[in-house]
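Worksheet for the structure shown next.
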Amino acid sequence: MTVKPVLGLTCDPGCHVETNNTFGSGCVQCNAAPDEWGNCPTWCSIANMWCECDDGSSGPIINCRDGYYSTPSGECRPIGSGDLPNTGGDGGCTPSCPSGVCGTIGNGCGGTCACIECDTCTPQCGQASDCGTCGTADAGTPEAPTLVVPDGTITNPSSYSLTGTNSVIDLLWSSNSDLTDYYQIYVKDSDEATVWSGAVGTTGVGSSGYTPGLYHWYVEAVNSTCTVDVGLTSANGYFVVSNSLLTLKNADEIVVPPESGNRNNICQPVFVDSSNNRRIIFEASVNSPGGWAEISGATLSWHGNDYAMSKLTGSGIGGTLVATVDFGAASNNSGVFPLSVSVSNSYGTSVNNIFGDLKVWDCQVPVSGTLYDGTGGQACNELGFMTPVDANLDFSSLVFKDVSGDSDVSMSTSLPANYGPTKITYGRTYLPIFNGGDMANPDGTIFGTGRMTRLVDLGTGATLCPSESQFNLQNNMSAYEVDPGAQVDFSFIKDQEAWFQVSGAGVKAKSWIDSGVPSTVDSSFRALSVLGTNADNGLVSFVNYKNINGFNDNSGFGLPNNWWIDRNTNDSNSYGYQYFYNNFLINNGVGVTGTDWSGKPSEGVYFVNGNLNIDSDFALDSGKTMIVVVKGKISIAESVSRIDGIYIANNGIEALGSSANQLVINGMLYSKANIRLARSFTDKMQNNTTPAVKINYQPGLIFNLPGKLMRVLSDWQEE
């Protein structure tokens, strides 16, 4: 038999739905809501339903299909059909449990939400909470800590060598409990008096304020989260404090202080310059709680070697022990090793005190380097150390002279710019001497000045530039590297070639200007044309330009006005001997002729139909004028230091050679051919700062001429 389910009732296979009508009362049975006064219906007609099966069995509702719920009256109703709460189904009610509300609250549908603990159980100390009683996980007594250092016993205490009462002893321990909030530490002396205490949250602390004596310490772990619970006390750790000191002396009993890092090496100058440069005297000043008498002996240890120390002198609680050690070649080593002293006392143990490090080696350091051209400027540690010198510096030899002894070292060379590697002695002071020089002239015949030294420690990479020419490796490199090595470079300002300068006027060439203004000149007058007396500098014009000293910066033509142009600014006219001869002597009857410098007049116009050698100085009186016109070439001798006037030549003007004095020309120069002002100072170093030839433009020499001659020169002087 096939029966459709009624109102959502579903029966098992072989069963069908049976119903009957009856009467009920109340809101629940009648599926009704209370009225405005809260009253429910007094009666209603309701239908009961059940499943009856083919085998004759029957029973209540077995189940309702998805989307339905069963009511107390035995019906299947759709979920959300509006039954009142607490009717056995959800009655269409959706539970609500808001977050963040402490304790137990209802869900809005007649049920309860899960209880929420807020912050009342942090920490967990068994206190009352929103949902009952908290746990006790954070309460309790911590376990005792375990000492790490110092952890000596009363018969074998740890040992510390301190200087003064402010030295620090680190106390370290480990924790054995998660309940610990902080630690309480106590340090006591042999009379059980507390000498230091502290409370920290870490497992280590530095302690101080000790004097020589025997001490013990312990730690307590404390839980302060709930009530204050002090845990068990750790074991005692014992240690001895002594104000020990190890002093190193050379063979002449001069104290050798330690270097940075509390280290010494046998190549320090105080050792090297002593009467026995391989001997070190070790003096250990020690003390013991039981006094000097209880110290039975001591042993100095270094690099696996033990040296017996004898008692030298002492009283009270301490004294001095000494050991003298002569280190042979077999002791040389590239390493740095600690020094320690073990003192035997009444505790029946050795008190091992560490006193810094010592290196014993052969003191030989390979040194090499390069000579650089610093003409363009010098500054530590790159400027002036980039371009190796060429053969013009004439470097030929280098000797590192031992300033305090006779151990000079001749360095191997690789010309024109390199030397070494050659070994020198660490601890000695050297003065590098070039090209056969001496201490008074350490640069010898080098064609350069302004020596600057750069020293590179090849072990550490540190670079220094000593302020003096002489140096020692001790102040400039570390001896404590495995393979010490040094690079010592030198920068020189090369001696400059001869150069000239014009004051108050310009320089104009139809083709080439060969200048020599060097970079070594002070920047305030580093130019070809400079300010003159009551006159600006002039224009520098040319088709081609070359600086024979390498200073080709375009800023170096004029000061304060850098006026220059790279083209010919001269007109097409060419003024020479015949022009002036005709206009002055023939047309105006002005001037005299001659054949040499001795025949010149004291003023006026002087014509030479050939070459002229100027071999003596010539100075004009104030207000006077001198014009020298030469058909050939004018040569100015090396002995001449001053000439005044206007000098004109067909075949060139030259001032060559060298002189101890500057050549000063007060006037003007003009030539149809080349003008060569290549005269140098005898000491070429002077060329680095001063022009060997200086031309001071004097326009008054033209103004002093008679009017008819000024008209002749009006066009020319513009040229």
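Labels used: A, B, ... for chains in the order of the structure tokens, numbers from 1 for residues in each chain, and numbers from 1 for ligands as shown.
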
Can you tell me, as a compact mmCIF listing (two decimals) with C-alpha atoms, in the first residue's frame, what residues are no more than 7 Å from region 385-388 of chain A when counting only C-alpha atoms, ignoring any on the same chain fewer than 4 positions away?
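Writing done, so here's selection-v9.txt:
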```txt
# COMPACT_ATOMS: atom_id res chain seq x y z
CA THR A 370 105.67 52.73 -5.51
CA LEU A 371 106.71 56.31 -6.21
CA TYR A 372 103.77 58.40 -7.47
CA ASP A 373 103.40 61.73 -9.27
CA GLY A 374 101.70 64.14 -6.88
CA ALA A 417 108.76 53.78 -10.02
CA SER A 491 104.33 60.89 -3.68
```

Item to complete: Write out as a list in words the residues lying within 8 Å of Lys672 (chain A), counting only C-alpha atoms and excluding same-chain residues fewer than 3 positions away.
Response: Ser574, Tyr575, Gly576, Ala649, Asn650, Asn651 and Gly652 of chain A

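The residue that comes closest to Asn537 (chain A), out of A:Asp119, A:Tyr697, A:Ser641, A:Asn587 and on the basis of only C-alpha atoms, is A:Tyr697.
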
Worksheet entry | region 353-364 of chain A surroundings by only C-alpha atoms, 8 Å radius, close-in-sequence under 6 positions cut, as a ChimeraX atom specification | /A:159-161,244-246,261-267,302,327,329,331-342,423-427,480

Please write the residues from the selection above to a file, keeping N, CA and C atoms, as a compact mmCIF listing (two decimals), in the first residue's frame.
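Generated output (out16.txt):
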```txt
# COMPACT_ATOMS: atom_id res chain seq x y z
N SER A 159 89.54 31.25 40.62
CA SER A 159 90.47 32.34 40.95
C SER A 159 90.29 33.51 39.99
N TYR A 160 90.37 34.71 40.54
CA TYR A 160 90.27 35.93 39.74
C TYR A 160 91.37 36.89 40.15
N SER A 161 92.03 37.44 39.11
CA SER A 161 93.06 38.44 39.37
C SER A 161 92.50 39.80 38.96
N SER A 244 96.38 40.76 41.33
CA SER A 244 97.63 40.35 40.70
C SER A 244 97.92 41.25 39.50
N LEU A 245 99.21 41.36 39.17
CA LEU A 245 99.64 42.18 38.04
C LEU A 245 100.91 41.58 37.47
N LEU A 246 100.95 41.45 36.12
CA LEU A 246 102.15 40.95 35.45
C LEU A 246 102.79 42.09 34.68
N GLY A 261 94.71 46.24 23.22
CA GLY A 261 94.25 44.86 23.35
C GLY A 261 95.00 44.09 24.40
N ASN A 262 95.78 44.81 25.27
CA ASN A 262 96.56 44.16 26.34
C ASN A 262 97.49 43.10 25.76
N ARG A 263 98.28 43.54 24.74
CA ARG A 263 99.19 42.63 24.06
C ARG A 263 100.59 43.22 24.01
N ASN A 264 101.58 42.35 24.03
CA ASN A 264 102.98 42.73 23.81
C ASN A 264 103.56 41.84 22.73
N ASN A 265 104.60 42.37 22.07
CA ASN A 265 105.37 41.52 21.17
C ASN A 265 106.83 41.86 21.33
N ILE A 266 107.69 40.90 21.09
CA ILE A 266 109.11 41.03 21.39
C ILE A 266 109.82 42.01 20.47
N CYS A 267 109.10 42.53 19.46
CA CYS A 267 109.71 43.48 18.52
C CYS A 267 109.33 44.92 18.83
N TRP A 302 103.27 30.04 28.76
CA TRP A 302 103.06 30.71 27.46
C TRP A 302 103.30 29.70 26.34
N PHE A 327 114.36 34.18 24.78
CA PHE A 327 113.65 33.47 23.72
C PHE A 327 114.59 33.24 22.54
N ALA A 329 115.47 31.35 18.65
CA ALA A 329 114.81 31.34 17.35
C ALA A 329 113.70 30.31 17.30
N SER A 331 111.54 29.75 19.40
CA SER A 331 110.31 30.28 20.00
C SER A 331 109.51 31.15 19.03
N ASN A 332 110.13 31.52 17.90
CA ASN A 332 109.44 32.39 16.96
C ASN A 332 108.18 31.71 16.42
N ASN A 333 107.10 32.48 16.37
CA ASN A 333 105.84 31.94 15.89
C ASN A 333 104.98 33.09 15.40
N SER A 334 104.19 32.84 14.40
CA SER A 334 103.33 33.89 13.86
C SER A 334 102.09 34.14 14.70
N GLY A 335 101.85 33.28 15.69
CA GLY A 335 100.64 33.40 16.50
C GLY A 335 100.83 34.29 17.72
N VAL A 336 99.71 34.62 18.35
CA VAL A 336 99.67 35.41 19.58
C VAL A 336 99.07 34.52 20.66
N PHE A 337 99.79 34.36 21.79
CA PHE A 337 99.37 33.39 22.79
C PHE A 337 99.27 34.04 24.17
N PRO A 338 98.32 33.56 25.01
CA PRO A 338 98.12 34.18 26.33
C PRO A 338 99.24 33.85 27.32
N LEU A 339 99.47 34.79 28.22
CA LEU A 339 100.38 34.60 29.35
C LEU A 339 99.54 34.32 30.59
N SER A 340 99.96 33.35 31.37
CA SER A 340 99.25 33.05 32.62
C SER A 340 100.26 32.72 33.71
N VAL A 341 99.83 32.97 34.93
CA VAL A 341 100.66 32.66 36.10
C VAL A 341 99.84 31.81 37.06
N SER A 342 100.37 30.65 37.41
CA SER A 342 99.73 29.76 38.39
C SER A 342 100.47 29.89 39.71
N LYS A 423 112.96 43.08 3.31
CA LYS A 423 112.57 43.03 4.72
C LYS A 423 113.30 44.10 5.53
N ILE A 424 112.52 44.76 6.41
CA ILE A 424 113.09 45.67 7.39
C ILE A 424 112.64 45.20 8.78
N THR A 425 113.22 45.78 9.83
CA THR A 425 112.96 45.32 11.19
C THR A 425 111.85 46.13 11.84
N TYR A 426 110.82 45.42 12.26
CA TYR A 426 109.74 46.04 13.04
C TYR A 426 110.32 46.50 14.37
N GLY A 427 110.00 47.72 14.75
CA GLY A 427 110.50 48.25 16.01
C GLY A 427 111.61 49.26 15.82
N TYR A 480 100.49 41.94 15.11
CA TYR A 480 99.82 40.76 15.63
C TYR A 480 99.07 39.98 14.55
```

Worksheet entry | Pro98 (chain A) environment, 12 Å, only C-alpha atoms, sequence neighbours closer than 4 positions dropped, as number ranges by chain | A: 102-108, 112-116

Got time to write the residues from that selection, C-alpha atoms, as a tab-separated table (two decimals), in the first residue's frame?
```tsv
chain	number	residue	atom	x	y	z
A	102	CYS	CA	32.07	37.11	30.50
A	103	GLY	CA	30.42	34.19	32.36
A	104	THR	CA	27.35	32.10	31.38
A	105	ILE	CA	24.43	33.74	29.49
A	106	GLY	CA	21.28	32.53	27.72
A	107	ASN	CA	21.19	31.96	23.99
A	108	GLY	CA	17.83	33.68	23.46
A	112	THR	CA	22.63	28.68	27.51
A	113	CYS	CA	25.83	29.76	25.81
A	114	ALA	CA	29.24	28.34	26.63
A	115	CYS	CA	30.84	30.05	29.61
A	116	ILE	CA	33.52	32.60	28.73
```

Discussion item. I'd like the contact shell of Thr203 (chain A) - 8 Å cut-off, only C-alpha atoms, skipping same-chain residues fewer than 3 positions apart - returned as an NGL selection string.
Written reply: :A and (172-175 or 183 or 200)

Discussion item. To test your reading of the structure, identify every residue in region 211-456 of chain A that backbone DSSP assigns to helix (DSSP H, G or I), and report it as an MDAnalysis selection string.
Written reply: chainID A and resid 269:272 292:294 329:331 391:393

Fill in: Shell around Val502 (chain A) at 8 Å using only C-alpha atoms, local window under 5 positions removed, as a list in words
Val507, Leu528, Ser529, Val530, Lys694, Ile695, Asn696 and Tyr697 of chain A

If you keep C-alpha atoms, can you produce a file of those selected residues as a PDB file, in the first residue's frame?
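Output below, filename again19.pdb:
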```
ATOM      1  CA  VAL A 507      99.185  87.114 -24.836  1.00  0.00           C
ATOM      2  CA  LEU A 528      99.224  82.925 -17.859  1.00  0.00           C
ATOM      3  CA  SER A 529      97.824  86.467 -17.642  1.00  0.00           C
ATOM      4  CA  VAL A 530      97.254  88.094 -14.240  1.00  0.00           C
ATOM      5  CA  LYS A 694     107.759  87.844 -15.613  1.00  0.00           C
ATOM      6  CA  ILE A 695     106.517  90.517 -18.073  1.00  0.00           C
ATOM      7  CA  ASN A 696     104.914  93.569 -16.513  1.00  0.00           C
ATOM      8  CA  TYR A 697     102.962  95.459 -19.164  1.00  0.00           C
TER       9      TYR A 697
END
```

Discussion item. Set the distance at 9 Å and use only C-alpha atoms: which residues neighbour region 577-583 of chain A once local chain neighbours fewer than 4 positions away are removed? I'd like the list as a PyMOL selection string.
Written reply: chain A and resi 587-591+607-609+629-632+648-650+709+712-713

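Among the candidates A:Val219, A:Leu677, A:Ala527, A:Val640, the residue lying nearest to Glu654 (chain A) is A:Leu677 (atoms considered: only C-alpha atoms).
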
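With only C-alpha atoms as the atoms that count, the minimum distance from Ala221 (chain A) to the choices A:Val205, A:Ala199, A:Glu18, A:Val241 is reached by A:Ala199.
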
Worksheet entry | Interatomic distance, CA of Val272 (chain A) to CA of Phe400 (chain A) (Å, one decimal) | 17.0 Å

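Closest to Trp292 (chain A) among A:Cys125, A:Val365, A:Val343, A:Ile665 is A:Val343, based on only C-alpha atoms.
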